[in-house]
Amino acid sequence: MSLSTLSPRRRVAAVTLLIPVLVGLALWAFAWPAARTAPRDLPLGVAGPAAATAPVEQRLEHRKGAFDLHHYADEAAAREAVEDREVYGAVVVTGQGPKLLTASAASPVVAQLLQQAVASQASVPGGRVATVDVVPAPDGDPRGAVLNTSVLPLALAGIGAGVAVTLLGLRGARAVAALAGSAALVGVVAAALAHNWLDAVPGNWWAVAGTFALAALATSAAVAGLAALIGQAGIALGGFVIMLLGNPFSGASSAPEMLPEPAGAIGQWLPPGASVSLLRSVSFFDGAAAAGPALTLTWWAVLGLGAVLLGRALRERARNAAPATEPGLAPVG
């Protein structure tokens with residue numbers, strides 16, 4: 001039953017109730033993670049001899065559930081772990097006191113949090129800890145604002161392409177071609193703005209453009225695929241998943257481990273969260289830890305495009321199976 005078949009009185013009641021429900025869902029999805037931002041099993045390294053690092057680990061473990069500690073033999077191993085995105089930072093125990101390694105490119109918010117957390121636990125005069133930013137954020141975007149705000153435009157571009165393909169009646173291979181072409185152009189435009197103009201996402205230009213394109217294709221294919229299988233209700237379902245779950249659960253403004261459970265984990269399985277993780281990897285970490293998010297986006301794109309083709313095949317099969325009567329002949333009875 002659609003809203004158009006309801007009586008005017010029921011339509012008024014439906015709209016009156018539907019809008020507050022949508023507002024409530026949006027506030028829950030966006031405000032809940034923001035209000036509960038805190039480290040939860042945040043990967044953090046501790047480097048040095050076991051006897052020297054034990055007191056540091058004990059102090060950090062007092063914040064129960066905040067950090068997932070990884071032990072490394074020395075500073076070189078800890079630096080490599082930070083560069084490989086195994087940890088967000090590392091505390092190196094030296095004879096002159098603790099040294100903190102961070103990676104503001106992975107998350108400026110986490111880098112600042114680690115400085116505060118380690119300084120509060122450090123037994124040094126003034127509570128100041130020497131800090132080295134191993135993988136710094138770019139000078140043109142030290143707070144990561146461009147990367148963070150790219151989530152919404154990419155989501156809107158993907159949803160818009162999926163809606164356009166559906167409403168314009170494109171089916172099968174033509175729909176796939178339109179979605180792929182649109183995503184490719186989105187990748188070029190986004191890379192030209194974020195990479196060339198703003199200088200906010202460095203790294204290989206083609207890798208950055210490909211990431212933007214794959215993110216847009218994953219979203220647009222998901223929306224168009226759902227619409228091909230279940231009709232225009234698929235547009236609403238796809239928009240809900242991408243905008244009200246994927247966008248706020250992406251961890252773009254902080255990190256997945258900073259979100260309340262299971263929001264952070266869910267976000268990494270959706271296109272917005274996977275696209276941010278992949279973009280950080282190819283832009284700042286030479287592709288380290290890129291396999292997981294790249295595979296996630298690829299599966300969304302492949303399954304969505306497959307659903308577009310399957311929807312066309314199902315429609316043709318239903319059309320061919322429909323009973324037809326030759327002109328001028330009456331059914332035999």
# chains A, B, ... in the order shown; residues from 1 in each chain; ligands from 1
>>> select_by_dssp(residues="segment 41-95 of chain A", states="strand (DSSP E)", output="PDB file with N, CA and C atoms, in the first residue's frame")
ATOM      1  N   LEU A  42      41.591   1.385  21.337  1.00  0.00           N
ATOM      2  CA  LEU A  42      42.352   2.127  20.341  1.00  0.00           C
ATOM      3  C   LEU A  42      43.768   1.540  20.263  1.00  0.00           C
ATOM      4  N   PRO A  43      44.202   1.060  19.095  1.00  0.00           N
ATOM      5  CA  PRO A  43      45.537   0.460  18.992  1.00  0.00           C
ATOM      6  C   PRO A  43      46.636   1.469  19.322  1.00  0.00           C
ATOM      7  N   LEU A  44      47.452   1.156  20.309  1.00  0.00           N
ATOM      8  CA  LEU A  44      48.539   2.023  20.758  1.00  0.00           C
ATOM      9  C   LEU A  44      49.760   1.172  21.052  1.00  0.00           C
ATOM     10  N   GLY A  45      50.913   1.583  20.551  1.00  0.00           N
ATOM     11  CA  GLY A  45      52.136   0.837  20.767  1.00  0.00           C
ATOM     12  C   GLY A  45      52.904   1.324  21.992  1.00  0.00           C
ATOM     13  N   VAL A  46      53.661   0.415  22.576  1.00  0.00           N
ATOM     14  CA  VAL A  46      54.584   0.737  23.664  1.00  0.00           C
ATOM     15  C   VAL A  46      55.911   0.078  23.300  1.00  0.00           C
ATOM     16  N   ALA A  47      56.979   0.878  23.211  1.00  0.00           N
ATOM     17  CA  ALA A  47      58.255   0.380  22.733  1.00  0.00           C
ATOM     18  C   ALA A  47      59.333   0.502  23.802  1.00  0.00           C
ATOM     19  N   PHE A  67      42.560   1.476  25.501  1.00  0.00           N
ATOM     20  CA  PHE A  67      43.650   1.212  24.569  1.00  0.00           C
ATOM     21  C   PHE A  67      43.869  -0.295  24.386  1.00  0.00           C
ATOM     22  N   ASP A  68      44.225  -0.643  23.165  1.00  0.00           N
ATOM     23  CA  ASP A  68      44.667  -1.992  22.837  1.00  0.00           C
ATOM     24  C   ASP A  68      46.178  -1.901  22.644  1.00  0.00           C
ATOM     25  N   LEU A  69      46.945  -2.295  23.667  1.00  0.00           N
ATOM     26  CA  LEU A  69      48.377  -2.063  23.677  1.00  0.00           C
ATOM     27  C   LEU A  69      49.128  -3.125  22.867  1.00  0.00           C
ATOM     28  N   HIS A  70      50.103  -2.659  22.078  1.00  0.00           N
ATOM     29  CA  HIS A  70      50.973  -3.527  21.287  1.00  0.00           C
ATOM     30  C   HIS A  70      52.411  -3.239  21.710  1.00  0.00           C
ATOM     31  N   HIS A  71      53.172  -4.274  22.018  1.00  0.00           N
ATOM     32  CA  HIS A  71      54.549  -4.077  22.484  1.00  0.00           C
ATOM     33  C   HIS A  71      55.534  -4.231  21.331  1.00  0.00           C
ATOM     34  N   TYR A  72      56.493  -3.296  21.266  1.00  0.00           N
ATOM     35  CA  TYR A  72      57.530  -3.330  20.245  1.00  0.00           C
ATOM     36  C   TYR A  72      58.894  -3.223  20.914  1.00  0.00           C
ATOM     37  N   GLY A  89      49.601   5.357  17.299  1.00  0.00           N
ATOM     38  CA  GLY A  89      50.748   6.014  17.897  1.00  0.00           C
ATOM     39  C   GLY A  89      51.485   5.025  18.776  1.00  0.00           C
ATOM     40  N   ALA A  90      52.561   5.501  19.381  1.00  0.00           N
ATOM     41  CA  ALA A  90      53.351   4.605  20.238  1.00  0.00           C
ATOM     42  C   ALA A  90      54.088   5.431  21.280  1.00  0.00           C
ATOM     43  N   VAL A  91      54.197   4.870  22.490  1.00  0.00           N
ATOM     44  CA  VAL A  91      54.972   5.468  23.565  1.00  0.00           C
ATOM     45  C   VAL A  91      56.311   4.744  23.611  1.00  0.00           C
ATOM     46  N   VAL A  92      57.381   5.491  23.391  1.00  0.00           N
ATOM     47  CA  VAL A  92      58.725   4.917  23.412  1.00  0.00           C
ATOM     48  C   VAL A  92      59.375   5.287  24.742  1.00  0.00           C
ATOM     49  N   VAL A  93      59.766   4.286  25.510  1.00  0.00           N
ATOM     50  CA  VAL A  93      60.410   4.510  26.811  1.00  0.00           C
ATOM     51  C   VAL A  93      61.908   4.664  26.582  1.00  0.00           C
ATOM     52  N   THR A  94      62.436   5.839  26.943  1.00  0.00           N
ATOM     53  CA  THR A  94      63.864   6.114  26.786  1.00  0.00           C
ATOM     54  C   THR A  94      64.466   6.492  28.130  1.00  0.00           C
TER      55      THR A  94
END
>>> residues_around(residues="Glu83 of chain A", least_positions_apart="6", cutoff="10 Å", atoms="only C-alpha atoms", output="ChimeraX atom specification")
/A:77,89,102-103,106,134-135,281,284-286,288-289
>>> write_last_selection(atoms="N, CA and C atoms", output="JSON list (two decimals), in the first residue's frame")
[["chain", "number", "residue", "atom", "x", "y", "z"],
["A", 77, "ALA", "N", 60.88, -0.16, 15.38],
["A", 77, "ALA", "CA", 59.75, -1.06, 15.15],
["A", 77, "ALA", "C", 58.43, -0.35, 15.39],
["A", 89, "GLY", "N", 49.60, 5.36, 17.30],
["A", 89, "GLY", "CA", 50.75, 6.01, 17.90],
["A", 89, "GLY", "C", 51.48, 5.02, 18.78],
["A", 102, "THR", "N", 53.18, 9.87, 17.02],
["A", 102, "THR", "CA", 51.79, 9.99, 16.58],
["A", 102, "THR", "C", 51.73, 9.99, 15.06],
["A", 103, "ALA", "N", 50.51, 10.00, 14.52],
["A", 103, "ALA", "CA", 50.28, 10.11, 13.08],
["A", 103, "ALA", "C", 49.02, 10.95, 12.90],
["A", 106, "ALA", "N", 46.48, 10.06, 10.24],
["A", 106, "ALA", "CA", 45.49, 9.01, 10.51],
["A", 106, "ALA", "C", 44.27, 9.58, 11.20],
["A", 134, "VAL", "N", 54.99, 11.19, 13.18],
["A", 134, "VAL", "CA", 55.63, 10.32, 12.19],
["A", 134, "VAL", "C", 55.02, 10.50, 10.81],
["A", 135, "VAL", "N", 53.69, 10.55, 10.75],
["A", 135, "VAL", "CA", 52.99, 10.76, 9.47],
["A", 135, "VAL", "C", 52.08, 11.97, 9.66],
["A", 281, "SER", "N", 44.67, 5.74, 3.58],
["A", 281, "SER", "CA", 45.75, 4.80, 3.29],
["A", 281, "SER", "C", 46.51, 5.20, 2.03],
["A", 284, "PHE", "N", 48.31, 9.01, 2.54],
["A", 284, "PHE", "CA", 49.34, 9.30, 3.53],
["A", 284, "PHE", "C", 50.22, 8.12, 3.90],
["A", 285, "PHE", "N", 49.77, 6.90, 3.67],
["A", 285, "PHE", "CA", 50.48, 5.72, 4.18],
["A", 285, "PHE", "C", 50.93, 4.77, 3.08],
["A", 286, "ASP", "N", 51.07, 5.27, 1.86],
["A", 286, "ASP", "CA", 51.56, 4.46, 0.74],
["A", 286, "ASP", "C", 50.77, 3.17, 0.56],
["A", 288, "ALA", "N", 49.22, 1.36, 2.87],
["A", 288, "ALA", "CA", 49.19, 0.44, 4.01],
["A", 288, "ALA", "C", 47.76, 0.29, 4.52],
["A", 289, "ALA", "N", 47.37, -0.94, 4.81],
["A", 289, "ALA", "CA", 46.03, -1.27, 5.34],
["A", 289, "ALA", "C", 44.92, -0.85, 4.38]]
>>> residues_around(residues="segment 168-179 of chain A", least_positions_apart="5", cutoff="8 Å", atoms="only C-alpha atoms", output="ChimeraX atom specification")
/A:161-162,217,220-221,305,308-313
>>> atom_distance(atom1="atom CA of Arg85 of chain A", atom2="atom CA of Trp269 of chain A")
18.1 Å
>>> select_by_dssp(residues="segment 61-154 of chain A", states="helix (DSSP H, G or I)", output="MDAnalysis selection string")
chainID A and resid 61 75:83 108:121 125:127 145:149 151:154
>>> residues_around(residues="Pro256 of chain A", least_positions_apart="6", cutoff="12 Å", atoms="only C-alpha atoms", output="PyMOL selection string")
chain A and resi 33-34+37-43+88+106-107+109-110+246-250+262-269+272-274+276-277
>>> atom_distance(atom1="atom CA of Arg79 of chain A", atom2="atom CA of Pro293 of chain A")
22.8 Å
>>> atom_distance(atom1="atom CA of Ala119 of chain A", atom2="atom CA of Ala145 of chain A")
25.7 Å
>>> closest_residue(among="A:Met243, A:Leu154, A:Ala76, A:Ile235", to="Leu214 of chain A", atoms="only C-alpha atoms")
A:Leu154
>>> residues_around(residues="Pro49 of chain A", least_positions_apart="2", cutoff="8 Å", atoms="only C-alpha atoms", output="ChimeraX atom specification")
/A:47,51-53,73-74
>>> decode(residues="segment 98-224 of chain A", atoms="C-alpha atoms", output="JSON list (two decimals), in the first residue's frame")
[["chain", "number", "residue", "atom", "x", "y", "z"],
["A", 98, "PRO", "CA", 58.85, 8.73, 27.42],
["A", 99, "LYS", "CA", 58.60, 9.84, 23.81],
["A", 100, "LEU", "CA", 55.29, 9.80, 21.95],
["A", 101, "LEU", "CA", 55.01, 8.90, 18.27],
["A", 102, "THR", "CA", 51.79, 9.99, 16.58],
["A", 103, "ALA", "CA", 50.28, 10.11, 13.08],
["A", 104, "SER", "CA", 48.04, 13.13, 12.71],
["A", 105, "ALA", "CA", 47.35, 12.04, 9.11],
["A", 106, "ALA", "CA", 45.49, 9.01, 10.51],
["A", 107, "SER", "CA", 43.40, 11.24, 12.77],
["A", 108, "PRO", "CA", 44.25, 14.67, 14.20],
["A", 109, "VAL", "CA", 41.72, 14.04, 16.97],
["A", 110, "VAL", "CA", 43.39, 10.80, 18.03],
["A", 111, "ALA", "CA", 46.86, 12.37, 17.87],
["A", 112, "GLN", "CA", 45.74, 15.13, 20.24],
["A", 113, "LEU", "CA", 44.02, 12.63, 22.53],
["A", 114, "LEU", "CA", 47.18, 10.54, 22.76],
["A", 115, "GLN", "CA", 49.23, 13.59, 23.69],
["A", 116, "GLN", "CA", 46.82, 14.39, 26.51],
["A", 117, "ALA", "CA", 46.53, 10.79, 27.71],
["A", 118, "VAL", "CA", 50.27, 10.11, 27.76],
["A", 119, "ALA", "CA", 51.12, 13.49, 29.28],
["A", 120, "SER", "CA", 48.68, 12.87, 32.12],
["A", 121, "GLN", "CA", 50.30, 9.50, 32.84],
["A", 122, "ALA", "CA", 53.91, 10.55, 32.35],
["A", 123, "SER", "CA", 56.15, 11.00, 35.35],
["A", 124, "VAL", "CA", 58.14, 13.92, 33.90],
["A", 125, "PRO", "CA", 58.50, 17.53, 35.07],
["A", 126, "GLY", "CA", 55.58, 19.61, 33.87],
["A", 127, "GLY", "CA", 53.86, 16.55, 32.43],
["A", 128, "ARG", "CA", 55.21, 17.34, 28.95],
["A", 129, "VAL", "CA", 56.14, 14.50, 26.66],
["A", 130, "ALA", "CA", 58.37, 14.83, 23.61],
["A", 131, "THR", "CA", 56.17, 14.16, 20.58],
["A", 132, "VAL", "CA", 57.12, 13.20, 17.04],
["A", 133, "ASP", "CA", 54.49, 13.28, 14.29],
["A", 134, "VAL", "CA", 55.63, 10.32, 12.19],
["A", 135, "VAL", "CA", 52.99, 10.76, 9.47],
["A", 136, "PRO", "CA", 51.81, 14.38, 9.69],
["A", 137, "ALA", "CA", 48.67, 15.80, 8.16],
["A", 138, "PRO", "CA", 49.29, 18.03, 5.12],
["A", 139, "ASP", "CA", 50.10, 21.70, 5.68],
["A", 140, "GLY", "CA", 47.15, 22.67, 3.53],
["A", 141, "ASP", "CA", 44.73, 20.76, 5.77],
["A", 142, "PRO", "CA", 46.30, 20.17, 9.20],
["A", 143, "ARG", "CA", 42.99, 19.28, 10.85],
["A", 144, "GLY", "CA", 41.86, 16.87, 8.14],
["A", 145, "ALA", "CA", 38.77, 18.95, 7.42],
["A", 146, "VAL", "CA", 38.75, 18.32, 3.68],
["A", 147, "LEU", "CA", 38.97, 14.56, 4.05],
["A", 148, "ASN", "CA", 36.32, 14.56, 6.79],
["A", 149, "THR", "CA", 33.86, 16.68, 4.83],
["A", 150, "SER", "CA", 34.34, 14.64, 1.65],
["A", 151, "VAL", "CA", 32.11, 11.90, 3.08],
["A", 152, "LEU", "CA", 28.85, 13.79, 2.58],
["A", 153, "PRO", "CA", 29.47, 14.99, -1.01],
["A", 154, "LEU", "CA", 30.53, 11.50, -2.06],
["A", 155, "ALA", "CA", 27.43, 10.00, -0.48],
["A", 156, "LEU", "CA", 25.18, 12.58, -2.14],
["A", 157, "ALA", "CA", 26.87, 12.05, -5.51],
["A", 158, "GLY", "CA", 26.41, 8.29, -5.28],
["A", 159, "ILE", "CA", 22.80, 8.48, -4.14],
["A", 160, "GLY", "CA", 22.05, 11.09, -6.81],
["A", 161, "ALA", "CA", 23.48, 8.91, -9.58],
["A", 162, "GLY", "CA", 21.53, 5.87, -8.38],
["A", 163, "VAL", "CA", 18.31, 7.86, -8.22],
["A", 164, "ALA", "CA", 18.87, 9.43, -11.65],
["A", 165, "VAL", "CA", 19.51, 6.07, -13.31],
["A", 166, "THR", "CA", 16.34, 4.66, -11.74],
["A", 167, "LEU", "CA", 14.02, 7.57, -12.51],
["A", 168, "LEU", "CA", 15.32, 7.94, -16.07],
["A", 169, "GLY", "CA", 14.40, 4.32, -16.71],
["A", 170, "LEU", "CA", 17.90, 3.11, -17.57],
["A", 171, "ARG", "CA", 18.18, -0.65, -17.30],
["A", 172, "GLY", "CA", 20.79, -3.37, -17.63],
["A", 173, "ALA", "CA", 24.04, -2.54, -19.43],
["A", 174, "ARG", "CA", 23.00, 1.07, -20.05],
["A", 175, "ALA", "CA", 22.46, 1.62, -16.35],
["A", 176, "VAL", "CA", 25.84, 0.03, -15.55],
["A", 177, "ALA", "CA", 27.55, 2.24, -18.13],
["A", 178, "ALA", "CA", 25.89, 5.37, -16.74],
["A", 179, "LEU", "CA", 26.84, 4.50, -13.16],
["A", 180, "ALA", "CA", 30.45, 3.70, -14.07],
["A", 181, "GLY", "CA", 30.85, 6.82, -16.20],
["A", 182, "SER", "CA", 29.38, 9.06, -13.53],
["A", 183, "ALA", "CA", 31.64, 7.56, -10.84],
["A", 184, "ALA", "CA", 34.73, 8.00, -13.02],
["A", 185, "LEU", "CA", 33.96, 11.69, -13.55],
["A", 186, "VAL", "CA", 33.27, 12.13, -9.83],
["A", 187, "GLY", "CA", 36.71, 10.69, -9.13],
["A", 188, "VAL", "CA", 38.39, 13.12, -11.56],
["A", 189, "VAL", "CA", 36.55, 16.17, -10.22],
["A", 190, "ALA", "CA", 37.07, 15.25, -6.56],
["A", 191, "ALA", "CA", 40.78, 14.57, -7.08],
["A", 192, "ALA", "CA", 41.22, 17.82, -8.98],
["A", 193, "LEU", "CA", 39.69, 19.76, -6.09],
["A", 194, "ALA", "CA", 41.08, 17.89, -3.06],
["A", 195, "HIS", "CA", 44.46, 16.90, -4.49],
["A", 196, "ASN", "CA", 45.44, 19.62, -6.96],
["A", 197, "TRP", "CA", 43.63, 22.70, -5.69],
["A", 198, "LEU", "CA", 43.38, 22.26, -1.91],
["A", 199, "ASP", "CA", 46.48, 20.05, -1.55],
["A", 200, "ALA", "CA", 44.66, 18.19, 1.22],
["A", 201, "VAL", "CA", 45.00, 14.59, 0.05],
["A", 202, "PRO", "CA", 48.53, 13.99, -1.30],
["A", 203, "GLY", "CA", 49.82, 10.75, -2.70],
["A", 204, "ASN", "CA", 49.49, 9.28, -6.17],
["A", 205, "TRP", "CA", 46.90, 11.25, -8.14],
["A", 206, "TRP", "CA", 45.48, 8.19, -9.87],
["A", 207, "ALA", "CA", 45.14, 6.31, -6.59],
["A", 208, "VAL", "CA", 43.29, 9.25, -5.03],
["A", 209, "ALA", "CA", 41.02, 9.67, -8.06],
["A", 210, "GLY", "CA", 40.39, 5.93, -8.17],
["A", 211, "THR", "CA", 39.41, 5.93, -4.50],
["A", 212, "PHE", "CA", 36.92, 8.75, -5.01],
["A", 213, "ALA", "CA", 35.51, 6.98, -8.07],
["A", 214, "LEU", "CA", 35.21, 3.61, -6.34],
["A", 215, "ALA", "CA", 33.47, 5.23, -3.35],
["A", 216, "ALA", "CA", 30.94, 6.95, -5.62],
["A", 217, "LEU", "CA", 30.36, 3.76, -7.62],
["A", 218, "ALA", "CA", 29.83, 1.66, -4.49],
["A", 219, "THR", "CA", 27.09, 4.02, -3.30],
["A", 220, "SER", "CA", 25.39, 4.61, -6.64],
["A", 221, "ALA", "CA", 25.42, 0.91, -7.52],
["A", 222, "ALA", "CA", 23.93, 0.00, -4.15],
["A", 223, "VAL", "CA", 21.05, 2.47, -4.55],
["A", 224, "ALA", "CA", 20.37, 1.56, -8.19]]
